[in-house]
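Below is one structure, written out as structure tokens, with a few remarks after it.
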Amino acid sequence: TFAAYCVLCAVGRTPQVAALKHNQIFGPFLARYILWLLGPLERVLLGRVSANAITTASLLACIGAAVAVANGRLATAAWLYGLGGMFDLLDGRLARASGTQSPAGALFDSVSDRWAELALFTGYAWYLQSSPWLLAVMAAAGGSMMVSYTRARGEGLGLSLSGGAMQRAERVILVSVGTLVAAWLAAAPSTASYAPTAVGIALAVCGVTATWTALGRWIVGYRQLQAQARVATSPAPEPAPPVVVHVEPLPLSVTRPSMRPTAEISAGTASHV
């Protein structure tokens with residue numbers, strides 16, 4: 001499918017998708033490809049399944065992934081986590097397409113995502129409980145929570161803090177791929193001992209980059225709020241002095257009618273007597 005997508009883009013027939021969003025790692029090319037793949041499923045679900053039902057399915061898939069990884073079933077955990085990430089991508093798109101967006105739905109979605117990640121990292125902590133890579137699980141969990149919390153706190157203060165390299169989509173793909181590699185290593189007895197290391201490396205990278213993303217959002221938000229505070233507390237500019245315009249009065253010329261002398265008037269009167 002990716003080859004077909006590349007051919008379509010090369011011949012100028014790039015698939016069009018609605019509400020295309022992308023981030024720093026997945027640019028518009030890859031983001032459009034993922035949404036193009038999900039397009040048929042989105043059209044099937046639209047009008048038949050609610051966005052909240054898809055959110056619930058995403059949460060259950062992540063809980064299932066947590067149970068699977070805790071029991072050492074790494075391949076199952078990877079596919080379930082990827083499925084949960086796909087559902088998380090679809091629920092918002094279905095809500096927008098069906099016109100059912102609401103604050104209640106947004107809250108349900110955000111809180112479900114946090115519970116899903118907490119459940120997943122709990123499963124990884126159980127799997128790596130006797131390994132030094134347990135610290136990587138703690139870093140990934142803490143960084144992931146702070147990425148989401150910083151954005152939510154910023155939105156509460158009127159800011160938009162949605163940038164960064166390690167957002168939810170990147171975390172899902174990174175951890176899922178790392179878990180699939182670990183499952184491949186665990187399939188052979190000669191390499192099974194390297195499976196926890198593969199999972200630990202993926203979680204460590206997730207933890208470092210998620211923490212970096214959270215710190216970046218924190219700094220950006222702090223600077224924006226500081227700039228707003230400086231503008232609010234700066235003294236108002238003094239009003240400009242009034243402009244005085246001096247208008248010279250126009251000269252008035254009065255023309256009086258000519259008057260004949262009295263003697264001439266008397267003479268003229270006498271001639272008519």
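Identifiers for the structure tokens are assigned positionally: chains receive A, B, ... in sequence, residues are indexed from 1 per chain, and ligands are indexed from 1 in the order shown.
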
| query | Could you name the residues that touch segment 170-175 of chain A at 8 Å or less, counting only C-alpha atoms, but leaving out those on the same chain fewer than 2 positions away, as a ChimeraX atom specification? | reply | /A:25,78,81-82,85,165-168,177-179,199,202-203,206

Dump N, CA and C atoms for the selected residues as a PDB file, in the first residue's frame?
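Final output, selection-v2.pdb:
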```
ATOM      1  N   ILE A  25       7.840  14.955  13.464  1.00  0.00           N
ATOM      2  CA  ILE A  25       8.409  13.707  12.969  1.00  0.00           C
ATOM      3  C   ILE A  25       7.605  13.181  11.781  1.00  0.00           C
ATOM      4  N   ALA A  78       2.129  -5.609  21.398  1.00  0.00           N
ATOM      5  CA  ALA A  78       2.458  -4.608  20.384  1.00  0.00           C
ATOM      6  C   ALA A  78       1.278  -4.352  19.462  1.00  0.00           C
ATOM      7  N   TYR A  81      -1.543  -2.511  21.332  1.00  0.00           N
ATOM      8  CA  TYR A  81      -1.225  -1.100  21.564  1.00  0.00           C
ATOM      9  C   TYR A  81      -1.346  -0.300  20.269  1.00  0.00           C
ATOM     10  N   GLY A  82      -0.893  -0.877  19.173  1.00  0.00           N
ATOM     11  CA  GLY A  82      -1.072  -0.209  17.882  1.00  0.00           C
ATOM     12  C   GLY A  82      -2.540  -0.041  17.522  1.00  0.00           C
ATOM     13  N   GLY A  85      -3.888   2.819  19.524  1.00  0.00           N
ATOM     14  CA  GLY A  85      -3.485   4.098  18.937  1.00  0.00           C
ATOM     15  C   GLY A  85      -4.288   4.443  17.698  1.00  0.00           C
ATOM     16  N   ALA A 165       8.523  16.786  19.686  1.00  0.00           N
ATOM     17  CA  ALA A 165       8.854  15.640  18.847  1.00  0.00           C
ATOM     18  C   ALA A 165       8.180  14.353  19.304  1.00  0.00           C
ATOM     19  N   MET A 166       7.904  14.203  20.606  1.00  0.00           N
ATOM     20  CA  MET A 166       7.373  12.937  21.112  1.00  0.00           C
ATOM     21  C   MET A 166       5.974  13.138  21.667  1.00  0.00           C
ATOM     22  N   GLN A 167       4.995  13.154  20.755  1.00  0.00           N
ATOM     23  CA  GLN A 167       3.602  13.251  21.153  1.00  0.00           C
ATOM     24  C   GLN A 167       3.011  11.841  21.179  1.00  0.00           C
ATOM     25  N   ARG A 168       1.702  11.751  21.328  1.00  0.00           N
ATOM     26  CA  ARG A 168       1.110  10.425  21.559  1.00  0.00           C
ATOM     27  C   ARG A 168       1.320   9.490  20.376  1.00  0.00           C
ATOM     28  N   VAL A 177       6.860  -0.634  17.979  1.00  0.00           N
ATOM     29  CA  VAL A 177       7.946  -1.201  17.173  1.00  0.00           C
ATOM     30  C   VAL A 177       8.996  -1.841  18.075  1.00  0.00           C
ATOM     31  N   GLY A 178       9.352  -1.166  19.171  1.00  0.00           N
ATOM     32  CA  GLY A 178      10.313  -1.762  20.097  1.00  0.00           C
ATOM     33  C   GLY A 178       9.823  -3.075  20.683  1.00  0.00           C
ATOM     34  N   THR A 179       8.541  -3.147  20.965  1.00  0.00           N
ATOM     35  CA  THR A 179       7.977  -4.382  21.518  1.00  0.00           C
ATOM     36  C   THR A 179       7.948  -5.486  20.470  1.00  0.00           C
ATOM     37  N   VAL A 199      13.033  -3.862  24.658  1.00  0.00           N
ATOM     38  CA  VAL A 199      11.913  -3.103  25.226  1.00  0.00           C
ATOM     39  C   VAL A 199      12.432  -1.915  26.028  1.00  0.00           C
ATOM     40  N   ALA A 202      13.619   1.006  23.800  1.00  0.00           N
ATOM     41  CA  ALA A 202      12.482   1.753  23.243  1.00  0.00           C
ATOM     42  C   ALA A 202      11.849   2.656  24.293  1.00  0.00           C
ATOM     43  N   LEU A 203      11.692   2.137  25.505  1.00  0.00           N
ATOM     44  CA  LEU A 203      11.089   2.937  26.571  1.00  0.00           C
ATOM     45  C   LEU A 203      12.027   4.060  27.019  1.00  0.00           C
ATOM     46  N   CYS A 206      11.777   6.756  24.490  1.00  0.00           N
ATOM     47  CA  CYS A 206      10.480   7.412  24.700  1.00  0.00           C
ATOM     48  C   CYS A 206      10.532   8.344  25.903  1.00  0.00           C
TER      49      CYS A 206
END
```

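Excluding Met138 of chain A itself and any same-chain residue fewer than 2 positions from it, the protein and nucleic acid residues within 10 Å of it, counting only C-alpha atoms, are Phe121, Thr122, Tyr124, Ala125, Trp133, Leu134, Leu135, Ala136, Ala140, Ala141, Gly142, Gly143, Ser144, Leu203, Ala204 and Gly207 of chain A.
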
| task | Excluding Met86 of chain A and residues on its chain fewer than 2 positions from it, collect all residues at most 12 Å away from it, counting only C-alpha atoms, and give them as a ChimeraX atom specification. | result | /A:34-35,37-39,41-42,54-55,57-59,61-62,79-84,88-93,168-169,172-173,176

| task | Considering only C-alpha atoms, state which residue in the set A:Ile201, A:Leu118, A:Leu215, A:Val137 is at the smallest distance from Gly163 of chain A. | result | A:Leu215

| query | Among segment 14-236 of chain A, which ones does DSSP place in helix (DSSP H, G or I), written as a PyMOL selection string? | reply | chain A and resi 28-45+51-70+74-98+103-127+134-156+168-186+192-233

| message | Residues near Ser162 of chain A, anyone? I mean within 8 Å using only C-alpha atoms, not counting same-chain ones fewer than 2 positions away, as a PyMOL selection string. | response | chain A and resi 151+160+164+217
